[in-house]
Every structure is written in C-alpha cells, then in structure tokens.
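Peer 1: Here you go, final14.txt (compact mmCIF, C-alpha atoms):
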```txt
# COMPACT_ATOMS: atom_id res chain seq x y z
CA MET A 1 55.52 110.63 54.18
CA ASP A 2 56.43 107.54 52.25
CA SER A 3 53.44 107.26 49.94
CA ALA A 4 55.55 108.50 47.06
CA LEU A 5 57.60 105.32 47.14
CA ALA A 6 57.93 104.33 43.54
CA SER A 7 58.00 107.81 42.08
CA ASP A 8 61.11 109.14 43.76
CA THR A 9 62.89 105.95 44.72
CA PRO A 10 66.40 105.78 43.30
CA TYR A 11 66.32 102.36 41.73
CA LEU A 12 69.37 100.54 40.46
CA ARG A 13 70.22 100.47 36.81
CA GLU A 14 68.78 97.42 35.12
CA THR A 15 72.25 96.38 34.06
CA VAL A 16 73.63 96.09 37.60
CA ARG A 17 74.71 92.54 38.29
CA THR A 18 77.06 92.79 41.23
CA ALA A 19 76.65 94.61 44.50
CA LEU A 20 79.60 94.99 46.86
CA LYS A 21 79.98 96.48 50.27
CA ILE A 22 82.62 98.33 52.18
CA LEU A 23 82.23 99.19 55.84
CA VAL A 24 82.99 102.66 57.15
CA VAL A 25 83.67 102.21 60.82
CA GLY A 26 84.81 104.25 63.76
CA HIS A 27 83.78 105.44 67.17
CA PHE A 28 80.78 107.61 67.88
CA ALA A 29 80.80 110.98 66.11
CA VAL A 30 83.98 110.32 64.18
CA GLY A 31 82.28 111.21 60.91
CA LYS A 32 80.90 107.93 59.54
CA THR A 33 77.54 109.36 58.62
CA THR A 34 79.15 112.39 57.02
CA PHE A 35 81.55 110.23 55.03
CA VAL A 36 78.79 107.99 53.72
CA GLY A 37 76.62 111.01 52.93
CA THR A 38 79.41 112.76 51.06
CA LEU A 39 80.02 109.83 48.74
CA SER A 40 76.55 108.42 48.29
CA GLU A 41 74.66 109.07 45.07
CA ILE A 42 71.38 108.51 46.88
CA ARG A 43 70.15 110.28 49.96
CA PRO A 44 71.72 108.10 52.62
CA LEU A 45 69.30 105.76 54.28
CA ARG A 46 69.19 104.61 57.84
CA THR A 47 68.01 101.24 58.91
CA GLU A 48 67.58 99.88 62.36
CA GLU A 49 68.08 96.44 63.73
CA ARG A 50 66.82 95.22 67.03
CA MET A 51 69.18 93.36 69.27
CA THR A 52 67.94 91.09 71.98
CA GLN A 53 70.76 92.15 74.19
CA ALA A 54 70.76 93.89 77.50
CA GLY A 55 72.77 97.02 77.97
CA ALA A 56 71.96 100.68 77.93
CA LEU A 57 72.68 102.45 74.71
CA VAL A 58 75.19 105.19 74.99
CA ASP A 59 75.29 106.37 71.42
CA ASP A 60 72.99 108.45 69.30
CA LEU A 61 70.35 105.81 69.81
CA ALA A 62 69.12 106.97 73.15
CA GLY A 63 65.41 106.97 73.63
CA ILE A 64 64.34 104.17 71.34
CA GLU A 65 65.33 101.13 73.35
CA ASP A 66 63.04 99.22 75.63
CA LYS A 67 63.90 96.83 78.37
CA THR A 68 64.43 93.68 76.37
CA THR A 69 65.69 94.85 73.03
CA THR A 70 68.17 97.37 71.85
CA THR A 71 67.97 98.99 68.49
CA VAL A 72 71.08 99.76 66.56
CA ALA A 73 71.12 102.04 63.57
CA MET A 74 73.33 101.97 60.55
CA ASP A 75 73.55 104.46 57.75
CA PHE A 76 74.31 103.39 54.27
CA GLY A 77 74.79 104.90 50.88
CA ARG A 78 75.34 103.76 47.33
CA LEU A 79 77.79 104.41 44.53
CA THR A 80 77.25 103.09 41.03
CA LEU A 81 80.73 102.30 39.77
CA SER A 82 79.91 100.90 36.34
CA ASP A 83 76.92 99.70 34.38
CA SER A 84 77.11 96.37 36.14
CA LEU A 85 78.66 97.20 39.48
CA VAL A 86 77.34 99.01 42.51
CA LEU A 87 79.08 99.63 45.82
CA TYR A 88 77.31 100.10 49.13
CA LEU A 89 78.96 101.94 51.99
CA PHE A 90 77.82 101.04 55.48
CA GLY A 91 78.45 103.26 58.45
CA ALA A 92 78.75 100.61 61.10
CA PRO A 93 78.31 101.11 64.82
CA GLY A 94 81.46 100.55 66.77
CA GLN A 95 80.36 98.59 69.80
CA GLN A 96 81.56 95.11 70.54
CA ARG A 97 78.20 93.97 71.79
CA PHE A 98 76.56 94.20 68.40
CA THR A 99 78.28 91.07 67.26
CA ARG A 100 75.42 89.61 65.32
CA LEU A 101 74.97 92.78 63.34
CA TRP A 102 78.66 92.80 62.67
CA ASP A 103 78.61 89.26 61.37
CA ASP A 104 75.91 90.28 58.95
CA LEU A 105 77.74 93.41 57.90
CA ALA A 106 81.13 91.81 57.52
CA ARG A 107 79.99 88.77 55.56
CA GLY A 108 81.10 89.28 51.99
CA ALA A 109 82.40 92.80 52.64
CA LEU A 110 85.48 93.79 50.68
CA GLY A 111 87.02 95.53 53.65
CA ALA A 112 86.68 98.38 56.09
CA LEU A 113 87.76 101.96 56.23
CA VAL A 114 88.45 102.90 59.83
CA LEU A 115 87.88 106.58 60.51
CA VAL A 116 89.82 108.00 63.42
CA ASP A 117 90.01 111.32 65.20
CA THR A 118 93.48 112.14 66.48
CA ALA A 119 91.99 113.83 69.55
CA ARG A 120 90.36 110.56 70.54
CA LEU A 121 92.65 107.84 69.26
CA LYS A 122 91.98 105.61 72.23
CA GLN A 123 88.34 105.38 71.31
CA SER A 124 89.36 103.64 68.10
CA PHE A 125 90.93 100.65 69.83
CA GLU A 126 87.67 98.81 70.34
CA ILE A 127 86.58 99.23 66.75
CA MET A 128 89.93 98.08 65.44
CA ASP A 129 89.75 94.96 67.57
CA LEU A 130 86.33 94.31 66.12
CA VAL A 131 87.49 94.73 62.54
CA GLU A 132 90.52 92.53 63.07
CA ARG A 133 88.48 89.85 64.77
CA GLN A 134 86.18 89.75 61.75
CA GLY A 135 89.23 89.23 59.58
CA LEU A 136 88.39 92.26 57.51
CA PRO A 137 91.25 93.95 55.69
CA TYR A 138 91.24 97.67 56.41
CA ALA A 139 92.81 101.04 55.90
CA VAL A 140 92.83 103.87 58.42
CA ALA A 141 91.75 107.38 57.53
CA VAL A 142 92.29 110.28 59.90
CA ASN A 143 89.24 112.45 59.55
CA HIS A 144 90.50 115.96 60.12
CA PHE A 145 88.65 117.96 62.66
CA ASP A 146 89.82 121.53 62.97
CA ALA A 147 90.31 121.27 66.71
CA SER A 148 92.14 117.96 66.65
CA PRO A 149 95.89 117.85 67.07
CA ARG A 150 98.02 116.88 64.09
CA PHE A 151 100.42 114.10 64.86
CA PRO A 152 103.11 112.69 62.60
CA ASP A 153 101.96 109.52 60.83
CA ALA A 154 104.52 107.48 62.70
CA GLU A 155 102.99 108.43 66.02
CA VAL A 156 99.48 107.62 64.88
CA ARG A 157 100.71 104.29 63.53
CA GLU A 158 102.35 103.48 66.77
CA ALA A 159 99.36 104.51 68.85
CA LEU A 160 97.05 102.34 66.76
CA ASP A 161 99.60 99.54 66.43
CA LEU A 162 99.18 99.40 62.65
CA ALA A 163 100.89 96.73 60.61
CA PRO A 164 103.49 98.22 58.24
CA GLY A 165 101.38 97.51 55.17
CA THR A 166 98.18 99.03 56.50
CA PRO A 167 97.48 102.31 54.73
CA LEU A 168 97.17 105.42 56.88
CA VAL A 169 95.68 108.39 55.05
CA SER A 170 94.08 111.70 55.88
CA CYS A 171 90.69 112.76 54.71
CA ASP A 172 88.00 115.31 55.18
CA ALA A 173 84.73 113.42 55.39
CA ARG A 174 82.88 116.49 54.13
CA ASP A 175 84.87 116.56 50.92
CA ARG A 176 83.96 114.22 48.09
CA ARG A 177 87.33 114.10 46.44
CA SER A 178 89.20 113.55 49.67
CA SER A 179 86.79 110.85 50.81
CA THR A 180 87.00 109.12 47.43
CA GLN A 181 90.79 109.12 47.76
CA ALA A 182 90.52 107.43 51.13
CA LEU A 183 88.39 104.67 49.62
CA ILE A 184 90.86 104.31 46.76
CA SER A 185 93.67 103.78 49.29
CA LEU A 186 91.66 100.99 50.84
CA VAL A 187 90.90 99.28 47.53
CA ASP A 188 94.52 99.66 46.42
CA HIS A 189 95.49 97.92 49.63
CA LEU A 190 92.99 95.14 49.03
CA LEU A 191 94.55 94.54 45.64
CA THR A 192 98.01 94.19 47.13
CA LEU A 193 96.66 91.59 49.54
CA ASP A 194 95.22 89.57 46.74
CA PRO A 195 97.67 89.80 43.85
CA GLU A 196 97.98 86.17 42.92
CA THR A 197 94.37 85.20 42.53
CA PRO A 198 93.72 84.37 38.90
CA MET B 199 70.89 113.33 59.95
CA THR B 200 68.22 111.03 58.63
CA ARG B 201 65.02 110.91 60.59
CA ARG B 202 64.15 107.68 62.30
CA ARG B 203 61.68 105.86 60.18
CA ASN B 204 60.68 103.30 62.73
CA GLU B 205 58.87 105.84 64.77
CA ARG B 206 55.80 105.39 62.66
CA ALA B 207 55.68 101.62 62.98
CA LEU B 208 52.31 100.70 64.40
CA VAL B 209 53.01 97.16 65.46
CA ARG B 210 56.00 95.40 66.87
CA PRO B 211 58.12 93.75 64.19
CA HIS B 212 57.40 90.15 65.13
CA VAL B 213 53.72 90.80 64.51
CA VAL B 214 54.57 91.74 60.95
CA THR B 215 56.40 88.48 60.35
CA GLY B 216 53.78 86.28 62.00
CA GLY B 217 56.05 85.64 64.95
CA ARG B 218 58.97 84.36 62.95
CA ALA B 219 62.47 85.62 63.50
CA HIS B 220 64.17 83.79 60.65
CA PRO B 221 63.54 83.76 56.93
CA THR B 222 62.62 80.50 55.21
CA ARG B 223 65.71 80.73 53.10
CA ASN B 224 69.05 82.02 54.10
CA VAL B 225 70.03 83.68 50.86
CA PHE B 226 69.71 87.29 51.84
CA ASP B 227 72.76 89.38 52.31
CA LEU B 228 72.34 93.07 53.00
CA VAL B 229 73.25 93.78 49.41
CA THR B 230 71.41 90.94 47.70
CA LEU B 231 69.52 92.51 44.81
CA VAL B 232 65.78 92.01 44.74
CA ILE B 233 63.79 92.13 41.53
CA PHE B 234 60.06 92.18 41.01
CA ASN B 235 58.97 89.13 39.16
CA GLY B 236 55.73 90.39 37.73
CA ASP B 237 55.98 90.54 34.01
CA LEU B 238 59.56 89.44 33.62
CA PRO B 239 60.44 86.15 32.04
CA ARG B 240 62.26 83.64 34.19
CA HIS B 241 65.77 84.78 34.84
CA ALA B 242 68.54 82.23 34.65
CA GLY B 243 70.91 82.25 37.58
CA GLY B 244 68.61 83.83 40.09
CA THR B 245 66.21 82.10 42.40
CA THR B 246 63.47 80.38 40.48
CA PRO B 247 59.94 81.54 40.95
CA GLN B 248 57.54 78.69 41.54
CA THR B 249 54.94 80.01 39.20
CA PRO B 250 56.62 81.95 36.43
CA ARG B 251 54.95 84.30 33.98
CA GLN B 252 51.48 84.14 35.39
CA PRO B 253 50.45 87.38 37.02
CA LEU B 254 50.46 86.47 40.68
CA SER B 255 47.63 87.44 42.88
CA THR B 256 48.54 89.68 45.76
CA ALA B 257 45.29 88.90 47.53
CA GLY B 258 45.80 87.92 51.12
CA LEU B 259 49.24 89.47 51.46
CA SER B 260 49.95 91.53 54.55
CA PRO B 261 50.16 95.30 54.20
CA GLU B 262 53.92 95.14 54.67
CA LYS B 263 54.31 92.60 51.89
CA LEU B 264 52.14 94.71 49.63
CA ARG B 265 54.35 97.70 50.38
CA ILE B 266 57.43 95.68 49.46
CA ILE B 267 55.87 94.57 46.20
CA GLU B 268 54.77 98.10 45.44
CA LEU B 269 58.29 99.35 46.07
CA CYS B 270 59.99 96.59 44.10
CA ARG B 271 57.67 97.00 41.15
CA GLY B 272 59.58 100.15 40.23
CA GLY B 273 62.95 98.51 39.79
CA ALA B 274 65.79 96.63 41.44
CA LEU B 275 66.94 97.47 44.97
CA SER B 276 69.13 95.79 47.54
CA VAL B 277 67.69 94.17 50.66
CA VAL B 278 68.98 96.94 52.88
CA GLU B 279 67.53 99.66 50.66
CA ILE B 280 64.12 98.03 50.83
CA ALA B 281 64.39 97.98 54.62
CA GLY B 282 65.49 101.62 54.65
CA HIS B 283 62.78 102.87 52.32
CA LEU B 284 60.03 101.06 54.18
CA GLY B 285 61.32 101.81 57.67
CA LEU B 286 61.49 98.12 58.60
CA PRO B 287 64.28 96.42 60.54
CA VAL B 288 66.56 94.39 58.27
CA GLY B 289 65.75 91.11 60.02
CA VAL B 290 62.04 91.59 59.49
CA THR B 291 62.58 92.61 55.90
CA LYS B 292 64.51 89.41 55.22
CA VAL B 293 61.68 87.27 56.57
CA LEU B 294 59.11 89.06 54.42
CA LEU B 295 61.31 88.98 51.31
CA SER B 296 61.93 85.31 51.80
CA ASP B 297 58.19 84.62 51.77
CA LEU B 298 57.73 86.74 48.67
CA VAL B 299 60.50 84.88 46.86
CA ASP B 300 58.95 81.56 47.91
CA ASP B 301 55.62 82.75 46.52
CA GLY B 302 57.22 83.76 43.25
CA HIS B 303 56.57 87.48 43.55
CA LEU B 304 60.22 88.40 43.75
CA THR B 305 63.53 87.10 42.48
CA THR B 306 66.96 87.65 43.94
CA ARG B 307 70.27 88.18 42.32
CA ALA B 308 73.25 87.35 44.47
CA GLY B 309 75.09 90.52 45.26
CA SER B 310 78.55 90.02 46.64
CA ALA B 311 78.49 86.25 46.28
CA ASP B 312 79.13 86.40 42.57
CA GLY B 313 81.66 83.63 42.07
CA ARG B 314 82.16 83.97 38.39
CA GLN B 315 84.34 86.99 38.54
CA SER B 316 87.68 86.80 40.20
CA ARG B 317 88.17 88.98 43.21
CA VAL B 318 91.06 90.83 41.64
CA ARG B 319 89.09 91.75 38.56
CA LEU B 320 86.28 92.93 40.74
CA LEU B 321 88.60 95.03 42.89
CA GLN B 322 90.15 96.50 39.78
CA GLU B 323 86.69 97.44 38.55
CA VAL B 324 85.95 99.09 41.88
CA LEU B 325 89.19 101.01 41.66
CA ASP B 326 88.49 102.17 38.13
CA GLY B 327 85.01 103.23 39.12
CA LEU B 328 86.27 105.22 42.09
CA ARG B 329 89.04 106.90 40.12
CA ALA B 330 86.55 107.92 37.49
CA ARG B 331 84.73 109.89 40.17
CA LEU B 332 87.70 112.05 41.04
```
Kindly return the structure encoded in the file as structure tokens.

Peer 2:
Amino acid sequence: MDSALASDTPYLRETVRTALKILVVGHFAVGKTTFVGTLSEIRPLRTEERMTQAGALVDDLAGIEDKTTTTVAMDFGRLTLSDSLVLYLFGAPGQQRFTRLWDDLARGALGALVLVDTARLKQSFEIMDLVERQGLPYAVAVNHFDASPRFPDAEVREALDLAPGTPLVSCDARDRRSSTQALISLVDHLLTLDPETP
Amino acid sequence: MTRRRNERALVRPHVVTGGRAHPTRNVFDLVTLVIFNGDLPRHAGGTTPQTPRQPLSTAGLSPEKLRIIELCRGGALSVVEIAGHLGLPVGVTKVLLSDLVDDGHLTTRAGSADGRQSRVRLLQEVLDGLRARL
C-alpha cells in the first residue's frame, strides 16, 4: 500500500522556491480529472476534505458521506515549469455549497480554466458564477466530446455570457499539447489583465 | 481514476488531531512547501524552527505525525501533496503540520505568497515554462 512512501514519492526539486496554482473547474464529468492527469508530471493525487454541511452528494462522491459531514474530493497534479517554479493544477468540484473549500482553493490562485461541454452548457452556469464570485480571472475551454454538438464561438460566448476579453478556446483534455495550449491561453489572458504592474 | 485513500483510515480525523479543527498557525496554503528540518541549517526567510540543528526527538509523536516526518524526510512537498500521499484530509494535515512546524521538525516556504517577485514576471515565467512543454 503506502509503505513505500519515500522511495517512489515524486519530491520537488531542491531549487523550487515558488509554487503557484491554477484551478481547473467545470461541472461533473466535463473532463477535469482527465485534463489534470494529462498535464501532470506526477501521478495525479486525490485528496478529500470533509464538509460539515448537510446535503446529499450527487457527484462521484456517493457512498462516502455520513449524516453530519460530506466529503468532497479534488484531484490535483503538478508541473515543474523551471528550476525554481512549480505549478499545481486543481480539479475543483463545481458545487456552490462547498464554499469553504473554494475559499481555500481560490486564495492565491492565478486564475481558473473553466472546462465546458457544448452538450451541457447550462450546467456550466453555476460554476461560472462561483468563479466570478471568487474574483478569479478565467478562460473558457470547450472540451471536445465526440458526441457533443459544435457551435460557433459566438453562440457559445452568448450562451455563457462571456465578457469580450475572456478567451474561449477548444481543447481535448486527453491531449497534452492541446491542454497545454488551453492553459497558455489562460496565462496570456492573465498577463493582459495585469500589464502595468512593475 | 485514483482510488480513494481515505478508505483505510482507522480513526475519524478529529481523533488524529486531538480534537482540534484548526492549526495553531494559519500559514498553510494548499501549495505551501514543506521541508524537513532534520539536518538542514536554519533557512532564512522560512518559518524559524525553535530548536535548530539539534536532531529532534520524534518520541511521543502520533503515528500520523511520524508518517508525515517520514514522508518529508525524502524531500520537499506541498501541503496538498502530503495530504494526498498520506490519505489524510487537507484540514487535518494542516493541523498536524502546524504542530510539527511549532516543534521544529518542519519548515515551510511560502508558495504563492512570494511577494518579492512581481506578478507579471511570475506570469511570464509560467508562460515560458508552458510554451517549453509544447
């Protein structure tokens, strides 16, 4: 089980000084876990947090709650971007009621990549509200599912009520290059929001 | 999909933390880097161990704390990685880490709260790092 901790644990380089985080958000089964897994240099890890909040779980968490606490899972992965810099990607659950977890996740985060499925655009509304309420800058990436309809960008923008400057890109969460491009669009956007800072 | 690690937990989390829900210090972000203090000299800029240099006794530490120390002995990890590797909830992990920092076993290095570098430079570094992966 986990007795082999130190031997196969992917530790950080000794030179790493800064750790950053970006959230990968979206509704259930939109591809968050896949996206994080595609980009992570370590086997993605899952951690669970208990919430003292009532409410039946409807997600992939069924079966581990009890009457007084709910447990919410998040997947995360890691990318070493330079000798001194490491980036963590967090696949964040998209329910409003996990506010405390969201506060923790959003604090200090660079921004969020919102994954959407064009077949279920409406399901993205709640998560976008959540991201906006946290004041997180974000980009939207349409994760292409073979069965999902392809809409012109303008229609997706309108449906999601995106601000003109908010990037809307396509990606395939299973593909490393495509997923990297989606992250690059987000970071590019973050730079345009912050051009004057010395 | 990753298997659920909590399934093997033998006691409820608040037992592990001695009933406490909050860490003694509020310095832990999910991506705060945690470093084993053992044989390292005092590190400027991080949290200061109370008893530097001396090999600290781990006698009397709970099994969970010993597991954290064992894990951290191998190298630096973020708070959330420690929680993930040990199958502990993040909140519990923060409480335990906080104790271990207080005791001088571990040191932290602020992750995202690094104020010295401007945000733009940092973002540019992220961008460069991502582009290099294409």

Peer 1: From the list A:Arg177, A:Arg157, A:Arg43, A:His27, which residue is nearest chain B when using only C-alpha atoms?

Peer 2: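 Of A:Arg177, A:Arg157, A:Arg43, A:His27, the one nearest chain B, counting only C-alpha atoms, is A:Arg177.
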
Peer 1: Pick out the closest residue to chain B from this set: A:Glu41, A:Asp153, A:Glu126, A:Glu132. Count only C-alpha atoms.

Peer 2: A:Glu41

Peer 1: Write out as number ranges by chain which residues come within 6 Å of Leu89 (chain A) when counting only C-alpha atoms, dropping same-chain ones fewer than 2 positions away.

Peer 2: A: 21-23, 76-77

Peer 1: Quote the spacing between CA of Asp227 (chain B) and CA of Phe125 (chain A) in Å to one decimal place.

Peer 2: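 Straight-line distance from CA of Asp227 (chain B) to CA of Phe125 (chain A) works out to 27.6 Å.
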
Peer 1: Using only C-alpha atoms, which of B:Val225, B:Ala257, B:Leu298, B:Val278 sits nearest chain A?

Peer 2: B:Val278

Peer 1: At most 9 Å is the cut-off: for each residue in chain B with any atom that close to an atom of chain A, write down the nearest atom pair and the distance in Å rounded to one decimal, counting all atoms listed in the file, chain first then increasing number, as a tab-separated table.

Peer 2:
```
residue	atom	partner	partner_atom	distance
B:Met199	CA	A:Thr33	CA	7.9
B:Thr200	CA	A:Arg46	CA	6.5
B:Arg201	CA	A:Arg46	CA	8.0
B:Arg202	CA	A:Arg46	CA	7.4
B:Arg203	CA	A:Thr47	CA	7.9
B:Asn204	CA	A:Glu48	CA	7.7
B:Glu205	CA	A:Ile64	CA	8.7
B:Asp227	CA	A:Asp104	CA	7.4
B:Leu228	CA	A:Leu105	CA	7.3
B:Val229	CA	A:Ala19	CA	6.0
B:Thr230	CA	A:Ala19	CA	7.2
B:Leu231	CA	A:Ala19	CA	7.4
B:Arg265	CA	A:Leu5	CA	8.9
B:Glu268	CA	A:Ala6	CA	7.2
B:Leu269	CA	A:Ala6	CA	5.6
B:Cys270	CA	A:Ala6	CA	8.0
B:Arg271	CA	A:Ala6	CA	7.7
B:Gly272	CA	A:Ala6	CA	5.6
B:Gly273	CA	A:Tyr11	CA	5.5
B:Ala274	CA	A:Leu12	CA	5.4
B:Leu275	CA	A:Tyr11	CA	5.9
B:Ser276	CA	A:Ala19	CA	8.2
B:Val278	CA	A:Thr47	CA	7.5
B:Glu279	CA	A:Leu45	CA	7.3
B:Ala281	CA	A:Thr47	CA	6.5
B:Gly282	CA	A:Thr47	CA	5.0
B:His283	CA	A:Leu45	CA	7.4
B:Leu284	CA	A:Asp2	CA	7.7
B:Gly285	CA	A:Thr47	CA	6.8
B:Leu286	CA	A:Thr47	CA	7.2
B:Pro287	CA	A:Glu49	CA	5.0
B:Val288	CA	A:Glu49	CA	6.0
B:Gly289	CA	A:Glu49	CA	6.9
B:Val290	CA	A:Glu49	CA	8.8
B:Arg307	CA	A:Arg17	CA	7.4
B:Ala308	CA	A:Thr18	CA	7.4
B:Gly309	CA	A:Ala19	CA	4.4
B:Ser310	CA	A:Leu20	CA	5.1
B:Ala311	CA	A:Gly108	CA	7.0
B:Asp312	CA	A:Thr18	CA	6.8
B:Ser316	CA	A:Pro198	CA	6.6
B:Arg317	CA	A:Thr197	CA	7.3
B:Val318	CA	A:Leu191	CA	6.5
B:Arg319	CA	A:Pro198	CA	8.7
B:Leu320	CA	A:Leu85	CA	8.8
B:Leu321	CA	A:Leu191	CA	6.6
B:Gln322	CA	A:Leu191	CA	7.6
B:Glu323	CA	A:Leu81	CA	7.8
B:Val324	CA	A:Leu81	CA	6.5
B:Leu325	CA	A:Ile184	CA	6.3
B:Asp326	CA	A:Leu81	CA	7.9
B:Gly327	CA	A:Leu81	CA	4.4
B:Leu328	CA	A:Ile184	CA	6.6
B:Arg329	CA	A:Ile184	CA	7.4
B:Ala330	CA	A:Leu81	CA	8.4
B:Arg331	CA	A:Thr180	CA	7.6
B:Leu332	CA	A:Arg177	CA	5.8
```

Peer 1: Find the distance between CA of Cys171 (chain A) and CA of Trp102 (chain A) and write it in Å to one decimal.

Peer 2: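 Going from CA of Cys171 (chain A) over to CA of Trp102 (chain A) covers 24.6 Å.
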
Peer 1: For a test of reading the model, state the distance in Å between CA of Pro221 (chain B) and CA of Thr306 (chain B), rounded to one decimal.

Peer 2: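 About the pair CA of Pro221 (chain B) and CA of Thr306 (chain B): they are 14.0 Å apart.
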
Peer 1: Identify which of the residues A:Phe151, A:Phe98, A:Tyr138, A:Phe145 lies closest to His189 (chain A), counting only C-alpha atoms when measuring atom-to-atom distances.

Peer 2: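 Among the listed residues, A:Tyr138 lies closest to His189 (chain A).
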
Peer 1: If we count only C-alpha atoms and set the cut-off at 12 Å, which residues sit around Lys122 (chain A), ignoring sequence neighbours fewer than 5 positions away in its own chain? Please answer as a list in words.

Peer 2: Gly26, His27, Val116, Asp117, Ile127, Met128, Asp129, Val156, Glu158, Ala159, Leu160 and Asp161 of chain A

Peer 1: Just to be explicit: take each residue in the selection above, keep C-alpha atoms, and write the result as a PDB file, in the coordinates of the input.

Peer 2:
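Result file result.pdb:
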```pdb
ATOM      1  CA  GLY A  26      84.810 104.250  63.760  1.00  0.00           C
ATOM      2  CA  HIS A  27      83.780 105.440  67.170  1.00  0.00           C
ATOM      3  CA  VAL A 116      89.820 108.000  63.420  1.00  0.00           C
ATOM      4  CA  ASP A 117      90.010 111.320  65.200  1.00  0.00           C
ATOM      5  CA  ILE A 127      86.580  99.230  66.750  1.00  0.00           C
ATOM      6  CA  MET A 128      89.930  98.080  65.440  1.00  0.00           C
ATOM      7  CA  ASP A 129      89.750  94.960  67.570  1.00  0.00           C
ATOM      8  CA  VAL A 156      99.480 107.620  64.880  1.00  0.00           C
ATOM      9  CA  GLU A 158     102.350 103.480  66.770  1.00  0.00           C
ATOM     10  CA  ALA A 159      99.360 104.510  68.850  1.00  0.00           C
ATOM     11  CA  LEU A 160      97.050 102.340  66.760  1.00  0.00           C
ATOM     12  CA  ASP A 161      99.600  99.540  66.430  1.00  0.00           C
TER      13      ASP A 161
END
```

Peer 1: Mind listing as a PDB file with C-alpha atoms, in the coordinates of the input all residues within 10 Å of (95.6, 118.7, 71.8), counting all atoms listed in the file?

Peer 2:
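Result written to point-v1.pdb:
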```pdb
ATOM      1  CA  THR A 118      93.480 112.140  66.480  1.00  0.00           C
ATOM      2  CA  ALA A 119      91.990 113.830  69.550  1.00  0.00           C
ATOM      3  CA  ARG A 120      90.360 110.560  70.540  1.00  0.00           C
ATOM      4  CA  ALA A 147      90.310 121.270  66.710  1.00  0.00           C
ATOM      5  CA  SER A 148      92.140 117.960  66.650  1.00  0.00           C
ATOM      6  CA  PRO A 149      95.890 117.850  67.070  1.00  0.00           C
ATOM      7  CA  ARG A 150      98.020 116.880  64.090  1.00  0.00           C
ATOM      8  CA  PHE A 151     100.420 114.100  64.860  1.00  0.00           C
TER       9      PHE A 151
END
```
